[in-house]
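Student: Contents of my_file-v3.cif (mmCIF, C-alpha atoms) are below:
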data_my_file
loop_
_atom_site.group_PDB
_atom_site.id
_atom_site.type_symbol
_atom_site.label_atom_id
_atom_site.label_comp_id
_atom_site.auth_asym_id
_atom_site.auth_seq_id
_atom_site.Cartn_x
_atom_site.Cartn_y
_atom_site.Cartn_z
ATOM 1 C CA MET S 1 -39.474 44.855 -5.251
ATOM 2 C CA ALA S 2 -38.179 42.029 -7.420
ATOM 3 C CA LEU S 3 -34.958 40.295 -6.497
ATOM 4 C CA PRO S 4 -32.151 40.503 -9.054
ATOM 5 C CA MET S 5 -31.868 37.490 -11.367
ATOM 6 C CA SER S 6 -29.189 34.997 -10.336
ATOM 7 C CA ARG S 7 -26.566 34.509 -13.043
ATOM 8 C CA ALA S 8 -23.557 32.337 -13.830
ATOM 9 C CA SER S 9 -20.935 32.361 -16.555
ATOM 10 C CA VAL S 10 -20.985 29.120 -18.527
ATOM 11 C CA ASN S 11 -18.133 28.578 -20.974
ATOM 12 C CA GLY S 12 -17.580 32.331 -21.083
ATOM 13 C CA THR S 13 -21.215 33.321 -21.654
ATOM 14 C CA ASP S 14 -23.411 34.884 -18.981
ATOM 15 C CA HIS S 15 -26.682 33.007 -18.316
ATOM 16 C CA ALA S 16 -29.612 33.506 -15.974
ATOM 17 C CA LEU S 17 -29.888 30.616 -13.564
ATOM 18 C CA PRO S 18 -33.181 28.705 -13.602
ATOM 19 C CA ALA S 19 -35.977 30.073 -11.437
ATOM 20 C CA ASP S 20 -36.787 26.591 -10.071
ATOM 21 C CA PRO S 21 -34.582 26.119 -6.975
ATOM 22 C CA ARG S 22 -34.857 22.324 -7.346
ATOM 23 C CA ARG S 23 -33.138 22.240 -10.771
ATOM 24 C CA THR S 24 -29.767 20.515 -10.686
ATOM 25 C CA LEU S 25 -26.757 22.066 -12.344
ATOM 26 C CA LEU S 26 -26.562 19.011 -14.622
ATOM 27 C CA ASP S 27 -30.153 19.304 -15.837
ATOM 28 C CA TRP S 28 -29.828 23.067 -16.338
ATOM 29 C CA LEU S 29 -26.657 22.633 -18.425
ATOM 30 C CA ARG S 30 -28.048 19.785 -20.535
ATOM 31 C CA GLU S 31 -31.730 20.600 -20.891
ATOM 32 C CA ASP S 32 -31.849 24.387 -20.704
ATOM 33 C CA LEU S 33 -28.497 25.390 -22.195
ATOM 34 C CA GLY S 34 -28.149 22.445 -24.611
ATOM 35 C CA LEU S 35 -24.669 21.525 -23.364
ATOM 36 C CA THR S 36 -25.103 17.790 -23.729
ATOM 37 C CA GLY S 37 -21.416 16.928 -23.466
ATOM 38 C CA THR S 38 -21.905 16.686 -19.712
ATOM 39 C CA LYS S 39 -23.450 13.258 -19.196
ATOM 40 C CA LYS S 40 -26.038 11.932 -16.777
ATOM 41 C CA GLY S 41 -24.719 8.621 -15.531
ATOM 42 C CA CYS S 42 -25.795 7.426 -12.117
ATOM 43 C CA ASP S 43 -27.489 10.647 -10.927
ATOM 44 C CA HIS S 44 -26.089 9.874 -7.446
ATOM 45 C CA GLY S 45 -22.583 11.406 -7.648
ATOM 46 C CA GLN S 46 -20.876 8.033 -7.856
ATOM 47 C CA CYS S 47 -19.702 7.783 -11.481
ATOM 48 C CA GLY S 48 -18.294 11.212 -12.375
ATOM 49 C CA ALA S 49 -19.857 11.340 -15.868
ATOM 50 C CA CYS S 50 -21.403 14.691 -14.916
ATOM 51 C CA THR S 51 -18.131 16.307 -13.793
ATOM 52 C CA VAL S 52 -17.813 19.999 -14.656
ATOM 53 C CA LEU S 53 -15.517 22.734 -13.397
ATOM 54 C CA VAL S 54 -16.892 25.448 -11.120
ATOM 55 C CA ASP S 55 -14.437 28.250 -10.486
ATOM 56 C CA GLY S 56 -11.720 25.843 -11.645
ATOM 57 C CA ARG S 57 -12.642 23.015 -9.274
ATOM 58 C CA ARG S 58 -14.311 19.769 -10.302
ATOM 59 C CA ILE S 59 -17.750 18.918 -9.010
ATOM 60 C CA ASN S 60 -20.455 16.365 -9.730
ATOM 61 C CA SER S 61 -23.097 18.531 -11.361
ATOM 62 C CA CYS S 62 -25.852 15.999 -10.622
ATOM 63 C CA LEU S 63 -25.454 16.696 -6.892
ATOM 64 C CA SER S 64 -25.452 20.481 -7.076
ATOM 65 C CA LEU S 65 -28.436 22.773 -7.421
ATOM 66 C CA ALA S 66 -28.043 25.338 -10.196
ATOM 67 C CA GLN S 67 -29.272 28.169 -7.960
ATOM 68 C CA LEU S 68 -26.217 27.681 -5.721
ATOM 69 C CA HIS S 69 -23.930 28.920 -8.504
ATOM 70 C CA ASP S 70 -24.868 32.591 -8.578
ATOM 71 C CA GLY S 71 -21.786 34.467 -9.786
ATOM 72 C CA ASP S 72 -19.777 31.308 -10.473
ATOM 73 C CA THR S 73 -17.743 30.502 -13.554
ATOM 74 C CA ILE S 74 -18.727 27.094 -14.921
ATOM 75 C CA GLU S 75 -16.756 25.201 -17.542
ATOM 76 C CA THR S 76 -18.021 22.150 -19.397
ATOM 77 C CA ILE S 77 -16.335 19.877 -21.930
ATOM 78 C CA GLU S 78 -17.636 22.112 -24.722
ATOM 79 C CA SER S 79 -15.204 24.861 -23.682
ATOM 80 C CA ILE S 80 -12.150 22.611 -23.423
ATOM 81 C CA GLY S 81 -11.998 21.760 -27.105
ATOM 82 C CA SER S 82 -13.987 20.769 -30.154
ATOM 83 C CA ALA S 83 -13.798 18.076 -32.814
ATOM 84 C CA ASP S 84 -11.817 20.385 -35.106
ATOM 85 C CA ASN S 85 -9.700 21.950 -32.333
ATOM 86 C CA LEU S 86 -8.868 19.360 -29.679
ATOM 87 C CA SER S 87 -7.055 20.382 -26.511
ATOM 88 C CA PRO S 88 -3.775 18.563 -25.722
ATOM 89 C CA LEU S 89 -5.663 16.521 -23.132
ATOM 90 C CA GLN S 90 -8.279 15.455 -25.681
ATOM 91 C CA LYS S 91 -5.580 14.620 -28.240
ATOM 92 C CA ALA S 92 -3.832 12.411 -25.679
ATOM 93 C CA PHE S 93 -7.101 10.594 -24.927
ATOM 94 C CA VAL S 94 -7.470 9.886 -28.658
ATOM 95 C CA THR S 95 -3.819 8.859 -29.097
ATOM 96 C CA HIS S 96 -3.946 6.435 -26.154
ATOM 97 C CA ASP S 97 -7.505 5.188 -26.824
ATOM 98 C CA GLY S 98 -8.577 6.512 -23.441
ATOM 99 C CA PHE S 99 -12.193 6.963 -24.425
ATOM 100 C CA GLN S 100 -13.564 3.571 -25.581
ATOM 101 C CA CYS S 101 -17.341 4.179 -25.840
ATOM 102 C CA GLY S 102 -16.855 7.853 -24.948
ATOM 103 C CA TYR S 103 -19.692 8.220 -22.456
ATOM 104 C CA CYS S 104 -17.474 8.966 -19.451
ATOM 105 C CA THR S 105 -14.873 10.892 -21.466
ATOM 106 C CA PRO S 106 -16.238 14.433 -20.937
ATOM 107 C CA GLY S 107 -16.276 13.926 -17.170
ATOM 108 C CA GLN S 108 -12.862 12.265 -17.271
ATOM 109 C CA ILE S 109 -11.369 15.185 -19.219
ATOM 110 C CA CYS S 110 -12.945 17.842 -16.993
ATOM 111 C CA SER S 111 -11.711 15.965 -13.938
ATOM 112 C CA ALA S 112 -8.232 15.549 -15.443
ATOM 113 C CA LYS S 113 -8.002 19.268 -16.215
ATOM 114 C CA ALA S 114 -8.824 20.143 -12.605
ATOM 115 C CA MET S 115 -6.518 17.406 -11.334
ATOM 116 C CA MET S 116 -3.582 18.849 -13.272
ATOM 117 C CA GLN S 117 -4.296 22.242 -11.700
ATOM 118 C CA GLU S 118 -4.396 20.631 -8.249
ATOM 119 C CA LEU S 119 -1.025 18.995 -8.942
ATOM 120 C CA SER S 120 0.479 22.300 -10.067
ATOM 121 C CA GLU S 121 -0.769 23.890 -6.824
ATOM 122 C CA GLY S 122 0.851 21.101 -4.779
ATOM 123 C CA TRP S 123 -2.308 19.532 -3.371
ATOM 124 C CA ALA S 124 -1.738 16.275 -1.517
ATOM 125 C CA SER S 125 -3.930 13.207 -2.088
ATOM 126 C CA ALA S 126 -4.844 10.167 -0.030
ATOM 127 C CA VAL S 127 -1.754 8.340 -1.361
ATOM 128 C CA SER S 128 0.734 11.206 -0.973
ATOM 129 C CA ASP S 129 3.606 10.037 1.237
ATOM 130 C CA ASP S 130 4.490 13.557 2.407
ATOM 131 C CA VAL S 131 1.609 16.025 2.438
ATOM 132 C CA THR S 132 4.032 18.953 2.800
ATOM 133 C CA ALA S 133 6.078 18.069 -0.308
ATOM 134 C CA ALA S 134 5.223 18.572 -3.953
ATOM 135 C CA PRO S 135 3.167 15.604 -5.175
ATOM 136 C CA ASP S 136 5.109 12.730 -6.720
ATOM 137 C CA ILE S 137 3.232 12.070 -9.942
ATOM 138 C CA THR S 138 3.128 8.286 -10.045
ATOM 139 C CA ARG S 139 0.558 6.015 -11.676
ATOM 140 C CA GLU S 140 -0.816 5.278 -8.200
ATOM 141 C CA GLU S 141 -1.153 9.029 -7.557
ATOM 142 C CA LEU S 142 -2.956 9.590 -10.865
ATOM 143 C CA ARG S 143 -5.297 6.649 -10.265
ATOM 144 C CA GLU S 144 -6.187 7.982 -6.815
ATOM 145 C CA ARG S 145 -6.822 11.499 -8.115
ATOM 146 C CA MET S 146 -9.047 10.202 -10.935
ATOM 147 C CA SER S 147 -10.869 7.639 -8.763
ATOM 148 C CA GLY S 148 -14.080 9.682 -8.727
ATOM 149 C CA ASN S 149 -14.574 9.031 -12.446
ATOM 150 C CA LEU S 150 -15.653 5.559 -13.477
ATOM 151 C CA CYS S 151 -15.194 4.023 -16.922
ATOM 152 C CA ARG S 152 -17.514 1.124 -17.647
ATOM 153 C CA CYS S 153 -15.310 0.076 -20.585
ATOM 154 C CA GLY S 154 -12.231 -0.255 -18.380
ATOM 155 C CA ALA S 155 -9.990 2.176 -20.263
ATOM 156 C CA TYR S 156 -8.210 3.153 -17.046
ATOM 157 C CA SER S 157 -4.684 2.226 -18.137
ATOM 158 C CA ASN S 158 -5.190 4.181 -21.375
ATOM 159 C CA ILE S 159 -6.505 7.193 -19.461
ATOM 160 C CA ILE S 160 -3.473 7.093 -17.159
ATOM 161 C CA ALA S 161 -1.164 6.867 -20.204
ATOM 162 C CA ALA S 162 -2.888 9.930 -21.698
ATOM 163 C CA LEU S 163 -2.475 11.844 -18.435
ATOM 164 C CA GLU S 164 1.193 10.849 -18.172
ATOM 165 C CA GLU S 165 1.796 12.163 -21.708
ATOM 166 C CA VAL S 166 0.112 15.520 -21.062
ATOM 167 C CA LEU S 167 1.852 15.965 -17.709
ATOM 168 C CA ALA S 168 5.249 15.089 -19.237
ATOM 169 C CA ASP S 169 4.672 17.574 -22.072
ATOM 170 C CA ALA S 170 3.698 20.282 -19.557
ATOM 171 C CA ALA S 171 6.820 19.563 -17.471
ATOM 172 C CA SER S 172 8.966 19.741 -20.604
ATOM 173 C CA GLU S 173 7.427 23.088 -21.563
ATOM 174 C CA ARG S 174 8.099 24.469 -18.067
ATOM 175 C CA ALA S 175 11.710 23.270 -18.259
ATOM 176 C CA ASP S 176 12.178 24.948 -21.647
ATOM 177 C CA ALA S 177 10.756 28.266 -20.428
#
Just give me the structure of the file as structure tokens.

Tutor:
Amino acid sequence: MALPMSRASVNGTDHALPADPRRTLLDWLREDLGLTGTKKGCDHGQCGACTVLVDGRRINSCLSLAQLHDGDTIETIESIGSADNLSPLQKAFVTHDGFQCGYCTPGQICSAKAMMQELSEGWASAVSDDVTAAPDITREELRERMSGNLCRCGAYSNIIAALEEVLADAASERADA
């Protein structure tokens, strides 16, 4: 009797996972599904260029085997926005020149999206003064939370400015509601 095919939802579309248990999530997304927005940087989980969201949480897709994601919901940069319909986060990256060469940008944006969710859920970080209180969203806090994503061009201050803008807009929207 054949085992049922393992499947995952990628950007809202159901896909069969690769049969090869050695295939990384990164290679499956890029090579099999053609989602090349997710980048292969170091292939060692150190740069964050391959960051995607799995069930809303950020992971380094180069370190994860695709077969481990049976039933998961995976989101890549392609589902966050497009050239003709940028998300607020992408618009802020453009406005603040937070992308420079652009190679790390997809991973940065995926990581930032998850980071903003973590903040809204009250997750503490390594620099949180009080782990029981709501996070104080300072530049130091944002830098710590984004530290898993490297930018070889050094656009860090621009990325932080983009994040500050999006977070301020979100806070303003919550206050108006």

Student: Report as a PDB file with C-alpha atoms, keeping the file's coordinate frame all protein, DNA and RNA residues lying within 12 Å of segment 116-128 of chain S, evaluated on all atoms listed in the file, omitting residues in the same chain fewer than 3 positions from it.

Tutor:
ATOM      1  CA  LEU S  53     -15.517  22.734 -13.397  1.00  0.00           C
ATOM      2  CA  ASP S  55     -14.437  28.250 -10.486  1.00  0.00           C
ATOM      3  CA  GLY S  56     -11.720  25.843 -11.645  1.00  0.00           C
ATOM      4  CA  ARG S  57     -12.642  23.015  -9.274  1.00  0.00           C
ATOM      5  CA  ARG S  58     -14.311  19.769 -10.302  1.00  0.00           C
ATOM      6  CA  LEU S  89      -5.663  16.521 -23.132  1.00  0.00           C
ATOM      7  CA  ILE S 109     -11.369  15.185 -19.219  1.00  0.00           C
ATOM      8  CA  CYS S 110     -12.945  17.842 -16.993  1.00  0.00           C
ATOM      9  CA  SER S 111     -11.711  15.965 -13.938  1.00  0.00           C
ATOM     10  CA  ALA S 112      -8.232  15.549 -15.443  1.00  0.00           C
ATOM     11  CA  LYS S 113      -8.002  19.268 -16.215  1.00  0.00           C
ATOM     12  CA  VAL S 131       1.609  16.025   2.438  1.00  0.00           C
ATOM     13  CA  THR S 132       4.032  18.953   2.800  1.00  0.00           C
ATOM     14  CA  ALA S 133       6.078  18.069  -0.308  1.00  0.00           C
ATOM     15  CA  ALA S 134       5.223  18.572  -3.953  1.00  0.00           C
ATOM     16  CA  PRO S 135       3.167  15.604  -5.175  1.00  0.00           C
ATOM     17  CA  ASP S 136       5.109  12.730  -6.720  1.00  0.00           C
ATOM     18  CA  ILE S 137       3.232  12.070  -9.942  1.00  0.00           C
ATOM     19  CA  THR S 138       3.128   8.286 -10.045  1.00  0.00           C
ATOM     20  CA  ARG S 139       0.558   6.015 -11.676  1.00  0.00           C
ATOM     21  CA  GLU S 140      -0.816   5.278  -8.200  1.00  0.00           C
ATOM     22  CA  GLU S 141      -1.153   9.029  -7.557  1.00  0.00           C
ATOM     23  CA  LEU S 142      -2.956   9.590 -10.865  1.00  0.00           C
ATOM     24  CA  ARG S 143      -5.297   6.649 -10.265  1.00  0.00           C
ATOM     25  CA  GLU S 144      -6.187   7.982  -6.815  1.00  0.00           C
ATOM     26  CA  ARG S 145      -6.822  11.499  -8.115  1.00  0.00           C
ATOM     27  CA  MET S 146      -9.047  10.202 -10.935  1.00  0.00           C
ATOM     28  CA  SER S 147     -10.869   7.639  -8.763  1.00  0.00           C
ATOM     29  CA  LEU S 163      -2.475  11.844 -18.435  1.00  0.00           C
ATOM     30  CA  GLU S 164       1.193  10.849 -18.172  1.00  0.00           C
ATOM     31  CA  VAL S 166       0.112  15.520 -21.062  1.00  0.00           C
ATOM     32  CA  LEU S 167       1.852  15.965 -17.709  1.00  0.00           C
ATOM     33  CA  ALA S 168       5.249  15.089 -19.237  1.00  0.00           C
ATOM     34  CA  ALA S 170       3.698  20.282 -19.557  1.00  0.00           C
ATOM     35  CA  ALA S 171       6.820  19.563 -17.471  1.00  0.00           C
ATOM     36  CA  ARG S 174       8.099  24.469 -18.067  1.00  0.00           C
TER      37      ARG S 174
END

Student: In Å, rounded to a single decimal, give me how far atom CA of Ser6 of chain S is from atom CA of Pro21 of chain S.

Tutor: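 We find that atom CA of Pro21 of chain S and atom CA of Ser6 of chain S lie 10.9 Å from each other.
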
Student: Is it possible to get the residues within 12 Å of (-13.4, 9.3, -12.4) (coordinates as in the file, counting all atoms listed in the file) written as an MDAnalysis selection string?

Tutor: chainID S and resid 41 45:52 58:60 103:115 142:152 154:156 159:160

Student: What are the centre and edge lengths in Å, to one decimal, of the axis-aligned box around all listed atoms of segment 72-75 of chain S with 4 Å added on each side, as lines of an AutoDock Vina configuration file?

Tutor:
center_x = -18.3
center_y = 28.3
center_z = -14.0
size_x = 11.0
size_y = 14.1
size_z = 15.1

Student: Which value, in Å to one decimal, gives the distance between atom CA of Gly37 of chain S and atom CA of Phe99 of chain S?

Tutor: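 Interatomic distance, atom CA of Gly37 of chain S to atom CA of Phe99 of chain S: 13.6 Å.
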
Student: Any idea what's packed within 9 Å of Asp27 of chain S, counting only C-alpha atoms, ignoring anything in its chain fewer than 3 positions away? Could you give it as number ranges by chain?

Tutor: S: 23-24, 30-33, 40, 61-62, 66

Student: Can you spit out the residues from that selection as a PDB file, in the coordinates of the input, using C-alpha atoms?

Tutor:
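The resulting out18.pdb:
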ATOM      1  CA  ARG S  23     -33.138  22.240 -10.771  1.00  0.00           C
ATOM      2  CA  THR S  24     -29.767  20.515 -10.686  1.00  0.00           C
ATOM      3  CA  ARG S  30     -28.048  19.785 -20.535  1.00  0.00           C
ATOM      4  CA  GLU S  31     -31.730  20.600 -20.891  1.00  0.00           C
ATOM      5  CA  ASP S  32     -31.849  24.387 -20.704  1.00  0.00           C
ATOM      6  CA  LEU S  33     -28.497  25.390 -22.195  1.00  0.00           C
ATOM      7  CA  LYS S  40     -26.038  11.932 -16.777  1.00  0.00           C
ATOM      8  CA  SER S  61     -23.097  18.531 -11.361  1.00  0.00           C
ATOM      9  CA  CYS S  62     -25.852  15.999 -10.622  1.00  0.00           C
ATOM     10  CA  ALA S  66     -28.043  25.338 -10.196  1.00  0.00           C
TER      11      ALA S  66
END

Student: Which residues would end up in the selection if the PyMOL selection byres ((chain S and resi 97) around 9) were applied here, given that I need the answer as a list in words?

Tutor: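 Evaluating the PyMOL selection byres ((chain S and resi 97) around 9) on these coordinates yields Ala92, Phe93, Val94, Thr95, His96, Gly98, Phe99, Gln100, Ala155, Asn158, Ile159 and Ala162 of chain S.
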
Student: By how many Å are atom CA of Ala175 of chain S and atom CA of Ser157 of chain S apart?

Tutor: 26.7 Å

Student: Once the PyMOL selection byres ((chain S and resi 15) around 12) has been evaluated on this model, what residues remain selected, and can you format them as number ranges by chain?

Tutor: S: 5-14, 16-19, 28-29, 32-33, 66-67, 69-74
